[in-house]
$ cat start25.txt   # compact mmCIF, C-alpha atoms
# COMPACT_ATOMS: atom_id res chain seq x y z
CA MET A 37 -61.00 12.59 -52.42
CA LYS A 38 -63.05 10.99 -49.64
CA ALA A 39 -62.02 7.87 -47.78
CA VAL A 40 -63.38 4.55 -49.02
CA VAL A 41 -64.52 2.39 -46.10
CA LYS A 42 -64.99 -1.37 -46.47
CA ARG A 43 -66.95 -3.08 -43.69
CA VAL A 44 -66.71 -6.83 -43.16
CA GLU A 45 -67.17 -9.41 -40.43
CA PHE A 46 -64.36 -11.87 -39.87
CA PRO A 47 -65.66 -15.46 -39.55
CA ALA A 48 -65.15 -17.04 -36.13
CA GLY A 49 -62.17 -19.31 -35.68
CA ARG A 50 -59.97 -17.84 -38.41
CA ARG A 51 -56.59 -16.31 -37.62
CA ILE A 52 -55.86 -12.77 -38.83
CA LEU A 53 -52.41 -11.61 -39.93
CA ALA A 54 -51.95 -7.85 -40.37
CA VAL A 55 -48.88 -6.64 -42.27
CA SER A 56 -48.02 -3.07 -43.23
CA ASP A 57 -45.33 -1.23 -45.19
CA ILE A 58 -43.95 -4.03 -47.33
CA HIS A 59 -42.57 -1.36 -49.68
CA GLY A 60 -41.91 -3.74 -52.55
CA ASN A 61 -39.69 -6.11 -50.57
CA LEU A 62 -41.09 -9.36 -51.96
CA PRO A 63 -38.43 -11.71 -50.50
CA TRP A 64 -39.12 -10.44 -46.98
CA PHE A 65 -42.88 -10.60 -47.49
CA ARG A 66 -42.74 -14.20 -48.67
CA ALA A 67 -40.36 -15.11 -45.84
CA LEU A 68 -42.57 -13.41 -43.25
CA LEU A 69 -45.66 -15.30 -44.41
CA ASP A 70 -43.68 -18.53 -44.31
CA LYS A 71 -42.36 -17.78 -40.81
CA ALA A 72 -45.90 -16.99 -39.61
CA GLY A 73 -47.17 -20.27 -41.09
CA TYR A 74 -49.61 -18.47 -43.36
CA THR A 75 -52.20 -20.65 -45.13
CA GLY A 76 -55.34 -20.04 -47.11
CA ASP A 77 -57.33 -20.55 -43.90
CA ASP A 78 -55.93 -17.28 -42.51
CA ILE A 79 -57.28 -13.80 -43.15
CA LEU A 80 -54.55 -11.51 -44.42
CA VAL A 81 -54.91 -7.75 -43.94
CA LEU A 82 -52.32 -5.61 -45.73
CA VAL A 83 -52.37 -2.19 -44.10
CA GLY A 84 -51.00 -0.13 -46.99
CA ASP A 85 -47.70 0.85 -48.60
CA LEU A 86 -47.51 -2.41 -50.45
CA VAL A 87 -45.20 -0.90 -53.06
CA GLU A 88 -42.65 1.86 -53.73
CA LYS A 89 -39.09 2.31 -52.45
CA GLY A 90 -38.35 -1.41 -52.85
CA ALA A 91 -36.61 -3.27 -55.64
CA ASP A 92 -39.53 -5.61 -56.32
CA SER A 93 -42.55 -3.31 -56.20
CA LEU A 94 -44.12 -4.55 -59.43
CA ALA A 95 -43.54 -8.21 -58.54
CA THR A 96 -44.88 -7.60 -55.03
CA LEU A 97 -48.03 -6.01 -56.44
CA ARG A 98 -48.62 -8.97 -58.72
CA TYR A 99 -48.02 -11.46 -55.91
CA ILE A 100 -50.58 -9.66 -53.73
CA MET A 101 -53.04 -9.71 -56.63
CA GLU A 102 -52.55 -13.48 -56.89
CA LEU A 103 -53.05 -13.96 -53.15
CA SER A 104 -56.17 -11.78 -53.26
CA ALA A 105 -57.67 -13.87 -56.07
CA ALA A 106 -57.02 -17.17 -54.26
CA HIS A 107 -57.48 -16.38 -50.55
CA THR A 108 -59.14 -14.00 -48.10
CA VAL A 109 -56.98 -10.91 -48.43
CA TYR A 110 -57.92 -7.33 -47.61
CA ALA A 111 -55.38 -4.88 -49.02
CA LEU A 112 -55.62 -1.18 -48.14
CA CYS A 113 -54.24 1.87 -49.89
CA GLY A 114 -51.27 3.63 -48.34
CA ASN A 115 -49.84 6.96 -49.34
CA CYS A 116 -47.13 5.24 -51.41
CA ASP A 117 -49.66 3.00 -53.19
CA ASN A 118 -51.59 6.13 -54.08
CA LEU A 119 -48.66 7.61 -56.05
CA ALA A 120 -49.15 5.37 -59.08
CA VAL A 121 -52.93 5.80 -58.81
CA ASP A 122 -52.65 9.58 -58.84
CA PHE A 123 -50.18 9.45 -61.70
CA ALA A 124 -52.31 7.15 -63.85
CA TYR A 125 -55.84 8.33 -63.06
CA GLY A 126 -55.65 11.60 -61.18
CA GLY A 127 -53.90 13.71 -63.75
CA GLY A 128 -50.85 14.04 -61.53
CA GLU A 129 -52.57 16.13 -58.86
CA LEU A 130 -49.47 15.86 -56.69
CA GLY A 131 -47.75 17.98 -59.30
CA ARG A 132 -44.95 17.70 -61.82
CA ASP A 133 -42.36 18.93 -59.33
CA PHE A 134 -43.30 16.12 -56.97
CA TYR A 135 -42.96 13.48 -59.68
CA ARG A 136 -39.65 14.98 -60.77
CA PHE A 137 -38.45 14.49 -57.17
CA TYR A 138 -40.07 11.07 -56.82
CA LEU A 139 -38.54 9.68 -59.98
CA SER A 140 -35.10 11.17 -59.38
CA VAL A 141 -34.84 9.97 -55.76
CA TRP A 142 -36.35 6.49 -56.00
CA ARG A 143 -35.27 5.78 -59.58
CA ASP A 144 -35.67 2.07 -60.33
CA ARG A 145 -37.36 1.56 -56.93
CA ALA A 146 -40.34 3.61 -58.14
CA LEU A 147 -43.23 1.42 -59.27
CA ILE A 148 -44.01 3.39 -62.42
CA LEU A 149 -40.37 3.19 -63.51
CA GLN A 150 -40.36 -0.57 -62.89
CA MET A 151 -43.42 -0.74 -65.11
CA ALA A 152 -41.72 1.44 -67.69
CA ALA A 153 -38.62 -0.77 -67.68
CA GLU A 154 -40.66 -3.94 -68.21
CA ALA A 155 -42.53 -2.31 -71.09
CA GLY A 156 -39.33 -1.00 -72.65
CA ILE A 157 -40.32 2.65 -72.17
CA ARG A 158 -37.48 5.14 -71.75
CA VAL A 159 -38.11 8.06 -69.40
CA GLU A 160 -35.68 10.90 -70.02
CA GLY A 161 -37.30 13.52 -67.82
CA PRO A 162 -40.53 15.22 -66.71
CA GLY A 163 -41.41 16.01 -70.30
CA ASP A 164 -41.94 12.29 -70.90
CA LEU A 165 -44.55 11.93 -68.14
CA PRO A 166 -47.69 12.38 -70.31
CA ARG A 167 -46.47 9.74 -72.76
CA LEU A 168 -45.48 7.47 -69.88
CA ARG A 169 -48.93 7.78 -68.32
CA GLU A 170 -50.61 6.79 -71.57
CA ARG A 171 -48.33 3.80 -72.13
CA LEU A 172 -48.70 2.52 -68.58
CA LEU A 173 -52.49 2.59 -68.80
CA GLU A 174 -52.22 0.53 -71.96
CA SER A 175 -49.75 -2.03 -70.61
CA PHE A 176 -50.58 -2.28 -66.90
CA ARG A 177 -54.30 -1.69 -66.66
CA PRO A 178 -54.99 -4.67 -64.29
CA GLU A 179 -52.22 -3.66 -61.88
CA LEU A 180 -53.18 0.01 -61.84
CA ALA A 181 -56.87 -0.81 -61.48
CA PHE A 182 -56.10 -3.06 -58.50
CA LEU A 183 -54.32 -0.17 -56.76
CA ARG A 184 -57.04 2.29 -57.72
CA ASP A 185 -59.75 0.10 -56.19
CA LEU A 186 -58.03 -0.42 -52.83
CA PRO A 187 -60.17 0.87 -49.94
CA THR A 188 -58.77 3.38 -47.48
CA ILE A 189 -60.21 1.84 -44.31
CA LEU A 190 -61.26 -1.67 -43.31
CA GLU A 191 -63.72 -1.86 -40.39
CA THR A 192 -64.82 -5.02 -38.60
CA GLY A 193 -66.82 -5.55 -35.45
CA HIS A 194 -63.67 -5.30 -33.32
CA PHE A 195 -61.03 -3.51 -35.42
CA VAL A 196 -60.37 -0.60 -37.75
CA PHE A 197 -57.40 -1.01 -40.08
CA VAL A 198 -56.05 2.11 -41.82
CA HIS A 199 -52.60 2.95 -43.10
CA GLY A 200 -51.98 6.31 -41.42
CA GLY A 201 -54.79 6.85 -38.92
CA VAL A 202 -58.18 8.44 -38.33
CA PRO A 203 -59.34 11.07 -35.81
CA SER A 204 -62.49 9.11 -34.90
CA TYR A 205 -64.77 6.37 -36.14
CA GLU A 206 -67.63 8.78 -36.81
CA ALA A 207 -68.49 9.46 -40.46
CA MET A 208 -65.28 7.93 -41.74
CA GLU A 209 -66.58 8.14 -45.32
CA GLU A 210 -66.34 11.92 -44.99
CA LEU A 211 -62.67 11.88 -44.03
CA ASP A 212 -60.04 13.02 -46.49
CA ALA A 213 -58.46 9.87 -47.92
CA TRP A 214 -54.95 11.32 -48.15
CA ARG A 215 -55.00 12.34 -44.48
CA CYS A 216 -56.01 8.79 -43.56
CA MET A 217 -53.16 7.37 -45.62
CA LYS A 218 -50.46 9.87 -44.64
CA ASN A 219 -50.99 10.67 -40.98
CA ASP A 220 -47.55 11.23 -39.48
CA ASP A 221 -46.82 10.56 -35.80
CA PHE A 222 -50.33 9.20 -35.25
CA MET A 223 -49.78 7.72 -31.79
CA SER A 224 -48.63 11.08 -30.43
CA GLN A 225 -51.90 12.82 -31.31
CA GLY A 226 -53.76 11.72 -28.18
CA TYR A 227 -56.56 9.71 -29.77
CA SER A 228 -58.36 6.83 -28.04
CA PHE A 229 -60.84 4.47 -29.67
CA PRO A 230 -63.70 2.18 -28.68
CA LYS A 231 -62.18 -0.69 -30.65
CA TYR A 232 -58.64 -1.31 -31.79
CA CYS A 233 -57.16 0.86 -34.55
CA VAL A 234 -54.32 -0.91 -36.42
CA VAL A 235 -52.01 1.40 -38.37
CA GLY A 236 -48.70 1.42 -40.24
CA HIS A 237 -47.01 4.33 -42.04
CA TRP A 238 -44.93 5.74 -39.16
CA PRO A 239 -42.02 3.42 -38.28
CA VAL A 240 -42.58 2.38 -34.67
CA THR A 241 -38.96 3.05 -33.73
CA LEU A 242 -39.64 6.79 -34.14
CA TYR A 243 -41.84 6.63 -31.02
CA ARG A 244 -39.05 5.19 -28.85
CA THR A 245 -36.92 7.44 -26.68
CA ASP A 246 -35.34 4.78 -24.43
CA TYR A 247 -33.81 2.53 -27.10
CA PRO A 248 -34.30 1.78 -30.82
CA CYS A 249 -36.88 -0.97 -31.39
CA CYS A 250 -38.81 -2.08 -34.48
CA ASN A 251 -41.40 -4.29 -32.74
CA PRO A 252 -45.12 -3.41 -32.93
CA ILE A 253 -46.49 -1.10 -30.24
CA ILE A 254 -49.74 -2.21 -28.61
CA ASP A 255 -51.44 0.49 -26.54
CA ARG A 256 -54.26 -1.39 -24.81
CA LYS A 257 -55.52 1.65 -22.95
CA ARG A 258 -56.06 3.81 -26.04
CA LYS A 259 -56.64 0.80 -28.32
CA ILE A 260 -54.03 1.66 -30.94
CA ILE A 261 -51.63 -0.83 -32.51
CA SER A 262 -48.78 0.49 -34.69
CA ILE A 263 -46.90 -2.12 -36.73
CA ASP A 264 -44.54 -0.47 -39.28
CA GLY A 265 -41.12 -2.06 -38.66
CA GLY A 266 -39.20 0.18 -41.07
CA CYS A 267 -38.83 -2.45 -43.81
CA VAL A 268 -36.68 -1.09 -46.69
CA LEU A 269 -36.37 2.33 -45.02
CA LYS A 270 -33.96 1.45 -42.21
CA SER A 271 -30.79 -0.65 -42.14
CA ASP A 272 -32.07 -2.35 -38.97
CA GLY A 273 -35.69 -2.48 -40.12
CA GLN A 274 -37.91 -5.53 -40.13
CA LEU A 275 -41.25 -6.60 -41.57
CA ASN A 276 -43.86 -7.25 -38.88
CA ALA A 277 -47.03 -9.35 -38.89
CA LEU A 278 -49.53 -8.71 -36.12
CA VAL A 279 -51.15 -12.03 -35.20
CA ILE A 280 -54.79 -11.96 -34.02
CA PRO A 281 -55.98 -15.51 -33.15
CA GLU A 282 -59.50 -14.66 -34.31
CA GLY A 283 -61.70 -11.65 -34.92
CA ASP A 284 -62.76 -10.91 -31.33
CA SER A 285 -59.50 -11.93 -29.64
CA ARG A 286 -57.23 -9.60 -27.66
CA ASP A 287 -54.46 -12.17 -27.32
CA PHE A 288 -52.15 -10.31 -29.69
CA SER A 289 -48.70 -11.47 -30.71
CA TRP A 290 -46.44 -10.77 -33.64
CA VAL A 291 -43.91 -12.34 -35.98
CA SER A 292 -41.10 -10.38 -37.62
CA TYR A 293 -38.57 -11.02 -40.36
CA ASP A 294 -35.32 -9.53 -41.58
CA ASP A 295 -32.48 -11.14 -43.50
CA CYS A 296 -29.62 -10.17 -41.19
CA PRO A 297 -27.08 -12.91 -40.47
CA VAL A 298 -27.38 -14.25 -36.92
CA GLY A 299 -24.66 -14.98 -34.38
CA VAL A 300 -24.62 -16.33 -30.84
CA ALA A 301 -23.23 -14.10 -28.08
CA LEU A 302 -20.40 -15.57 -26.04
CA ASP A 303 -19.96 -12.74 -23.50
CA ARG A 304 -22.23 -10.90 -21.10
CA GLN A 305 -22.72 -7.16 -21.66
CA ALA A 306 -24.54 -4.67 -19.41
CA GLU A 307 -27.02 -2.21 -20.87
CA ARG A 308 -26.03 1.41 -21.27
CA ALA A 309 -28.79 3.65 -19.99
CA ASP A 310 -29.71 7.13 -21.31
CA PRO A 311 -28.44 6.68 -24.87
CA VAL A 312 -28.39 9.29 -27.61
CA ILE A 313 -30.98 8.31 -30.22
CA ILE A 314 -31.13 10.11 -33.56
CA HIS A 315 -34.23 9.70 -35.74
CA TRP A 316 -34.83 11.21 -39.17
CA THR A 317 -37.26 13.66 -37.55
CA ASP A 318 -34.31 15.40 -35.80
CA HIS A 319 -31.22 14.10 -37.55
CA ASP A 320 -29.09 17.26 -37.99
CA VAL A 321 -25.56 16.88 -36.60
CA GLU A 322 -22.33 18.82 -36.34
CA VAL A 323 -19.27 16.78 -37.25
CA LEU A 324 -16.62 17.49 -34.64
CA GLU A 325 -14.02 15.02 -35.84
CA ARG A 326 -14.36 13.13 -39.11
CA GLY A 327 -12.88 9.66 -39.37
CA THR A 328 -12.69 6.98 -42.02
CA GLU A 329 -15.01 4.57 -40.21
CA PHE A 330 -16.51 6.62 -37.35
CA SER A 331 -16.95 10.37 -36.88
CA LEU A 332 -17.49 12.16 -33.59
CA CYS A 333 -20.69 14.20 -33.92
CA ARG A 334 -22.79 16.56 -31.86
CA HIS A 335 -26.54 15.99 -32.18
CA THR A 336 -28.07 19.39 -32.90
CA ALA A 337 -31.38 18.71 -31.13
CA THR A 338 -29.89 17.53 -27.82
CA GLY A 339 -26.35 18.94 -27.86
CA ARG A 340 -24.98 15.51 -26.95
CA THR A 341 -22.05 13.84 -28.68
CA LEU A 342 -21.68 10.32 -29.99
CA PRO A 343 -19.68 8.35 -32.56
CA VAL A 344 -21.53 7.92 -35.85
CA LEU A 345 -20.61 5.60 -38.69
CA THR A 346 -19.16 7.93 -41.31
CA LYS A 347 -21.08 6.17 -44.07
CA TYR A 348 -24.30 7.23 -42.28
CA LEU A 349 -23.47 10.93 -42.70
CA ARG A 350 -25.21 13.00 -45.36
CA ARG A 351 -25.19 16.65 -46.42
CA ARG A 352 -28.08 18.95 -47.33
CA GLY A 353 -26.59 22.22 -48.51
CA GLU A 354 -24.39 23.40 -45.64
CA GLN A 355 -26.14 21.20 -43.07
CA GLU A 356 -24.92 17.71 -42.26
CA TRP A 357 -27.29 15.03 -41.03
CA CYS A 358 -27.15 11.32 -40.45
CA GLU A 359 -29.26 8.25 -40.93
CA ASP A 360 -31.00 6.87 -37.85
CA THR A 361 -28.39 5.88 -35.29
CA SER A 362 -27.72 5.54 -31.57
CA ASP A 363 -24.98 4.79 -29.06
CA TYR A 364 -27.28 2.44 -27.14
CA ARG A 365 -25.50 -0.59 -25.72
CA LEU A 366 -27.63 -3.74 -25.54
CA ALA A 367 -27.96 -5.94 -22.47
CA VAL A 368 -26.66 -9.30 -23.67
CA GLU A 369 -26.27 -12.70 -22.05
CA PRO A 370 -24.15 -15.59 -23.34
CA GLY A 371 -26.26 -17.68 -25.70
CA ASP A 372 -28.38 -14.76 -26.93
CA ARG A 373 -29.01 -14.81 -30.68
CA LEU A 374 -28.08 -11.49 -32.24
CA SER A 375 -28.94 -10.31 -35.74
CA ILE A 376 -25.97 -8.44 -37.17
CA VAL A 377 -26.74 -5.09 -38.81
CA GLU A 378 -23.20 -3.68 -39.08
CA GLU A 379 -19.73 -5.15 -38.55
CA THR A 380 -17.12 -2.56 -37.49
CA SER A 381 -13.62 -2.50 -36.04
CA ARG A 382 -15.05 -1.35 -32.71
CA GLY A 383 -17.90 -3.80 -32.36
CA ARG A 384 -21.15 -4.87 -33.94
CA LEU A 385 -24.45 -3.08 -34.36
CA VAL A 386 -26.96 -5.85 -33.66
CA LYS A 387 -30.62 -6.58 -32.98
CA LYS A 388 -31.92 -8.68 -30.13
CA ASP A 389 -35.65 -9.43 -30.12
CA GLY A 390 -36.27 -6.37 -32.32
CA VAL A 391 -34.12 -4.00 -30.21
CA THR A 392 -31.08 -2.45 -31.91
CA GLY A 393 -27.86 -1.60 -30.09
CA TRP A 394 -24.11 -2.09 -29.94
CA TYR A 395 -22.42 -5.28 -28.78
CA PHE A 396 -18.70 -5.35 -28.03
CA GLY A 397 -18.32 -8.96 -26.92
CA ARG A 398 -17.33 -12.12 -28.75
CA LEU A 399 -19.77 -13.72 -31.15
CA LYS A 400 -20.10 -17.22 -32.56
CA GLY A 401 -20.86 -16.83 -36.22
CA PRO A 402 -22.24 -14.97 -37.99
CA GLU A 403 -24.35 -17.52 -39.78
CA ARG A 404 -27.86 -17.54 -41.07
CA GLU A 405 -30.40 -18.34 -38.39
CA GLU A 406 -31.28 -21.67 -39.98
CA LYS A 407 -27.63 -22.83 -39.84
CA ILE A 408 -27.30 -21.87 -36.20
CA ARG A 409 -30.39 -23.86 -35.31
CA GLU A 410 -29.03 -26.86 -37.17
CA SER A 411 -25.76 -26.72 -35.17
CA ASP A 412 -27.44 -26.45 -31.75
$ encode --input "start25.txt" --output "structure tokens"
Amino acid sequence: MKAVVKRVEFPAGRRILAVSDIHGNLPWFRALLDKAGYTGDDILVLVGDLVEKGADSLATLRYIMELSAAHTVYALCGNCDNLAVDFAYGGGELGRDFYRFYLSVWRDRALILQMAAEAGIRVEGPGDLPRLRERLLESFRPELAFLRDLPTILETGHFVFVHGGVPSYEAMEELDAWRCMKNDDFMSQGYSFPKYCVVGHWPVTLYRTDYPCCNPIIDRKRKIISIDGGCVLKSDGQLNALVIPEGDSRDFSWVSYDDCPVGVALDRQAERADPVIIHWTDHDVEVLERGTEFSLCRHTATGRTLPVLTKYLRRRGEQEWCEDTSDYRLAVEPGDRLSIVEETSRGRLVKKDGVTGWYFGRLKGPEREEKIRESD
């Protein structure tokens, strides 16, 4: 299937908000728009993966449909959005084995199973897929048609928005749509562009080797902006909105949201340099000493050791691996607001301005951010 390119011109004087990888997290999406001060005067660009993997995928889809009917909203198709489209209209080209995996892993976080549950359709196994497809097309035709009609690429006079990435801006209609939607590790491929390319898909923290951080990456030299904050996928993830004051502006900023409780640091802490950082791209470990709360592990890729929360450990056959983690120690000053990801007997895993690390000092709280502001 070829990429579908939509070309528009953004009117002067209107702010643009670009959000990617909502993944069916409707509370975070609503909260992010509220935090960004979103109004109908803004232009909202949703850079794919609107649904799947989140508890509210169907409700999120319907909310985006409502926004699109009332305001200026450009929603693009991501690889996850394409799953329901392929299932409903493409004859399951991804294959029965894939859908067996998809439904068994994501379960009630899969959009088509959320649709099935609302319609009272029981899905016992892969043998029920043909019947499920027929019933979903009967009951959810507007929702499925909305996803089916999403363009792959949005091009303006100053920007190209695409979920995964493109190799160039030449003949984009001839590009393979799936490769534009699922283009892993895009910023490491060496591309540069004449105007800014805004992408999601690959959580930005996977590009970091100095410390874990979920904030957007803006490469002004190569004109690439990557904004996926790992919403739903990571315990320390966040939902990012890139803020463009108007269509020809380069004065970029961003707003982010997560629902972590927030505390105020009471003690200073120095940064720990040269941390061990484990991403899902190289997450195999050897458990040297297993504990109830923490386990001492050797990272297979680097040979370095670090304590890992035992609940982060997983097994694949004989190989153990862990969820994204690090022994990075944040630089903290008294008065810093810290979002709390994990509370442990040894300290807290926290976020400061989008950067995740360990804090071993005293903390006032935790409380929700709004309560802390009220008490200041």
$ residues_near_point --input "start25.txt" --point "(-21.8, -13.5, -34.7)" --cutoff "10 Å" --atoms "all atoms listed in the file" --output "ChimeraX atom specification"
/A:297-302,373-376,379,384,386,397-404
$ closest_residue --input "start25.txt" --among "A:Ile314, A:Ile280, A:Val196, A:Leu186" --to "Lys259 of chain A" --atoms "only C-alpha atoms"
A:Val196
$ closest_atom_pairs --input "start25.txt" --of "segment 213-257 of chain A" --to "segment 52-58 of chain A" --cutoff "10 Å" --atoms "only C-alpha atoms" --output "Markdown table"
| residue | atom | partner | partner_atom | distance |
| --- | --- | --- | --- | --- |
| A:Val234 | CA | A:Ala54 | CA | 8.3 |
| A:Val235 | CA | A:Ser56 | CA | 7.7 |
| A:Gly236 | CA | A:Ser56 | CA | 5.4 |
| A:His237 | CA | A:Asp57 | CA | 6.6 |
| A:Trp238 | CA | A:Asp57 | CA | 9.2 |
| A:Pro239 | CA | A:Asp57 | CA | 9.0 |
$ write_last_selection --input "start25.txt" --atoms "C-alpha atoms" --output "tab-separated table (two decimals), in the frame of the given file"
chain	number	residue	atom	x	y	z
A	234	VAL	CA	-54.32	-0.91	-36.42
A	235	VAL	CA	-52.01	1.40	-38.37
A	236	GLY	CA	-48.70	1.42	-40.24
A	237	HIS	CA	-47.01	4.33	-42.04
A	238	TRP	CA	-44.93	5.74	-39.16
A	239	PRO	CA	-42.02	3.42	-38.28
$ closest_atom_pairs --input "start25.txt" --of "segment 356-379 of chain A" --to "segment 335-350 of chain A" --cutoff "7 Å" --atoms "only C-alpha atoms" --output "tab-separated table"
residue	atom	partner	partner_atom	distance
A:Glu356	CA	A:Arg350	CA	5.6
A:Trp357	CA	A:Arg350	CA	5.2
A:Cys358	CA	A:Leu349	CA	4.3
A:Glu359	CA	A:Tyr348	CA	5.2
A:Asp363	CA	A:Leu342	CA	6.5
$ residues_near_point --input "start25.txt" --point "(-44.1, -3.8, -52.9)" --cutoff "7 Å" --atoms "all atoms listed in the file" --output "list in words"
Ile58, His59, Gly60, Asn61, Leu62, Leu86, Val87, Glu88, Gly90, Asp92, Ser93, Leu94, Thr96 and Leu97 of chain A
$ atom_distance --input "start25.txt" --atom1 "atom CA of Leu80 of chain A" --atom2 "atom CA of Leu112 of chain A"
11.0 Å
$ closest_residue --input "start25.txt" --among "A:Ala39, A:Lys388, A:Gln305, A:Pro311" --to "Glu210 of chain A" --atoms "all atoms listed in the file"
A:Ala39
$ atom_distance --input "start25.txt" --atom1 "atom CA of Asp246 of chain A" --atom2 "atom CA of Ser289 of chain A"
22.0 Å
$ residues_around --input "start25.txt" --residues "Glu154 of chain A" --least-positions-apart "6" --cutoff "12 Å" --atoms "only C-alpha atoms" --output "list of chain:residue names"
A:Leu94, A:Ala95, A:Asp144, A:Leu147, A:Ile148, A:Arg171, A:Leu172, A:Ser175, A:Phe176
$ write_last_selection --input "start25.txt" --atoms "C-alpha atoms" --output "PDB file, in the coordinates of the input"
ATOM      1  CA  LEU A  94     -44.120  -4.550 -59.430  1.00  0.00           C
ATOM      2  CA  ALA A  95     -43.540  -8.210 -58.540  1.00  0.00           C
ATOM      3  CA  ASP A 144     -35.670   2.070 -60.330  1.00  0.00           C
ATOM      4  CA  LEU A 147     -43.230   1.420 -59.270  1.00  0.00           C
ATOM      5  CA  ILE A 148     -44.010   3.390 -62.420  1.00  0.00           C
ATOM      6  CA  ARG A 171     -48.330   3.800 -72.130  1.00  0.00           C
ATOM      7  CA  LEU A 172     -48.700   2.520 -68.580  1.00  0.00           C
ATOM      8  CA  SER A 175     -49.750  -2.030 -70.610  1.00  0.00           C
ATOM      9  CA  PHE A 176     -50.580  -2.280 -66.900  1.00  0.00           C
TER      10      PHE A 176
END
$ residues_around --input "start25.txt" --residues "segment 220-233 of chain A" --least-positions-apart "3" --cutoff "12 Å" --atoms "only C-alpha atoms" --output "ChimeraX atom specification"
/A:54,83,115,189-206,214-217,236-244,253-264,280,283-286,288,317
$ write_last_selection --input "start25.txt" --atoms "C-alpha atoms" --output "mmCIF file, in the coordinates of the input"
data_model
loop_
_atom_site.group_PDB
_atom_site.id
_atom_site.type_symbol
_atom_site.label_atom_id
_atom_site.label_comp_id
_atom_site.auth_asym_id
_atom_site.auth_seq_id
_atom_site.Cartn_x
_atom_site.Cartn_y
_atom_site.Cartn_z
ATOM 1 C CA ALA A 54 -51.950 -7.850 -40.370
ATOM 2 C CA VAL A 83 -52.370 -2.190 -44.100
ATOM 3 C CA ASN A 115 -49.840 6.960 -49.340
ATOM 4 C CA ILE A 189 -60.210 1.840 -44.310
ATOM 5 C CA LEU A 190 -61.260 -1.670 -43.310
ATOM 6 C CA GLU A 191 -63.720 -1.860 -40.390
ATOM 7 C CA THR A 192 -64.820 -5.020 -38.600
ATOM 8 C CA GLY A 193 -66.820 -5.550 -35.450
ATOM 9 C CA HIS A 194 -63.670 -5.300 -33.320
ATOM 10 C CA PHE A 195 -61.030 -3.510 -35.420
ATOM 11 C CA VAL A 196 -60.370 -0.600 -37.750
ATOM 12 C CA PHE A 197 -57.400 -1.010 -40.080
ATOM 13 C CA VAL A 198 -56.050 2.110 -41.820
ATOM 14 C CA HIS A 199 -52.600 2.950 -43.100
ATOM 15 C CA GLY A 200 -51.980 6.310 -41.420
ATOM 16 C CA GLY A 201 -54.790 6.850 -38.920
ATOM 17 C CA VAL A 202 -58.180 8.440 -38.330
ATOM 18 C CA PRO A 203 -59.340 11.070 -35.810
ATOM 19 C CA SER A 204 -62.490 9.110 -34.900
ATOM 20 C CA TYR A 205 -64.770 6.370 -36.140
ATOM 21 C CA GLU A 206 -67.630 8.780 -36.810
ATOM 22 C CA TRP A 214 -54.950 11.320 -48.150
ATOM 23 C CA ARG A 215 -55.000 12.340 -44.480
ATOM 24 C CA CYS A 216 -56.010 8.790 -43.560
ATOM 25 C CA MET A 217 -53.160 7.370 -45.620
ATOM 26 C CA GLY A 236 -48.700 1.420 -40.240
ATOM 27 C CA HIS A 237 -47.010 4.330 -42.040
ATOM 28 C CA TRP A 238 -44.930 5.740 -39.160
ATOM 29 C CA PRO A 239 -42.020 3.420 -38.280
ATOM 30 C CA VAL A 240 -42.580 2.380 -34.670
ATOM 31 C CA THR A 241 -38.960 3.050 -33.730
ATOM 32 C CA LEU A 242 -39.640 6.790 -34.140
ATOM 33 C CA TYR A 243 -41.840 6.630 -31.020
ATOM 34 C CA ARG A 244 -39.050 5.190 -28.850
ATOM 35 C CA ILE A 253 -46.490 -1.100 -30.240
ATOM 36 C CA ILE A 254 -49.740 -2.210 -28.610
ATOM 37 C CA ASP A 255 -51.440 0.490 -26.540
ATOM 38 C CA ARG A 256 -54.260 -1.390 -24.810
ATOM 39 C CA LYS A 257 -55.520 1.650 -22.950
ATOM 40 C CA ARG A 258 -56.060 3.810 -26.040
ATOM 41 C CA LYS A 259 -56.640 0.800 -28.320
ATOM 42 C CA ILE A 260 -54.030 1.660 -30.940
ATOM 43 C CA ILE A 261 -51.630 -0.830 -32.510
ATOM 44 C CA SER A 262 -48.780 0.490 -34.690
ATOM 45 C CA ILE A 263 -46.900 -2.120 -36.730
ATOM 46 C CA ASP A 264 -44.540 -0.470 -39.280
ATOM 47 C CA ILE A 280 -54.790 -11.960 -34.020
ATOM 48 C CA GLY A 283 -61.700 -11.650 -34.920
ATOM 49 C CA ASP A 284 -62.760 -10.910 -31.330
ATOM 50 C CA SER A 285 -59.500 -11.930 -29.640
ATOM 51 C CA ARG A 286 -57.230 -9.600 -27.660
ATOM 52 C CA PHE A 288 -52.150 -10.310 -29.690
ATOM 53 C CA THR A 317 -37.260 13.660 -37.550
#
$ decode --input "start25.txt" --residues "segment 79-83 of chain A" --atoms "N, CA and C atoms" --output "CSV table (one decimal), in the first residue's frame"
chain,number,residue,atom,x,y,z
A,79,ILE,N,-4.4,24.6,16.0
A,79,ILE,CA,-4.3,23.5,15.1
A,79,ILE,C,-3.7,22.3,15.8
A,80,LEU,N,-4.4,21.2,15.8
A,80,LEU,CA,-3.9,20.0,16.5
A,80,LEU,C,-3.5,18.9,15.4
A,81,VAL,N,-2.3,18.5,15.5
A,81,VAL,CA,-1.8,17.5,14.6
A,81,VAL,C,-1.4,16.3,15.5
A,82,LEU,N,-2.1,15.1,15.2
A,82,LEU,CA,-1.9,13.9,16.0
A,82,LEU,C,-1.1,13.0,15.1
A,83,VAL,N,0.2,12.7,15.5
A,83,VAL,CA,1.2,12.1,14.6
A,83,VAL,C,1.2,10.6,14.8
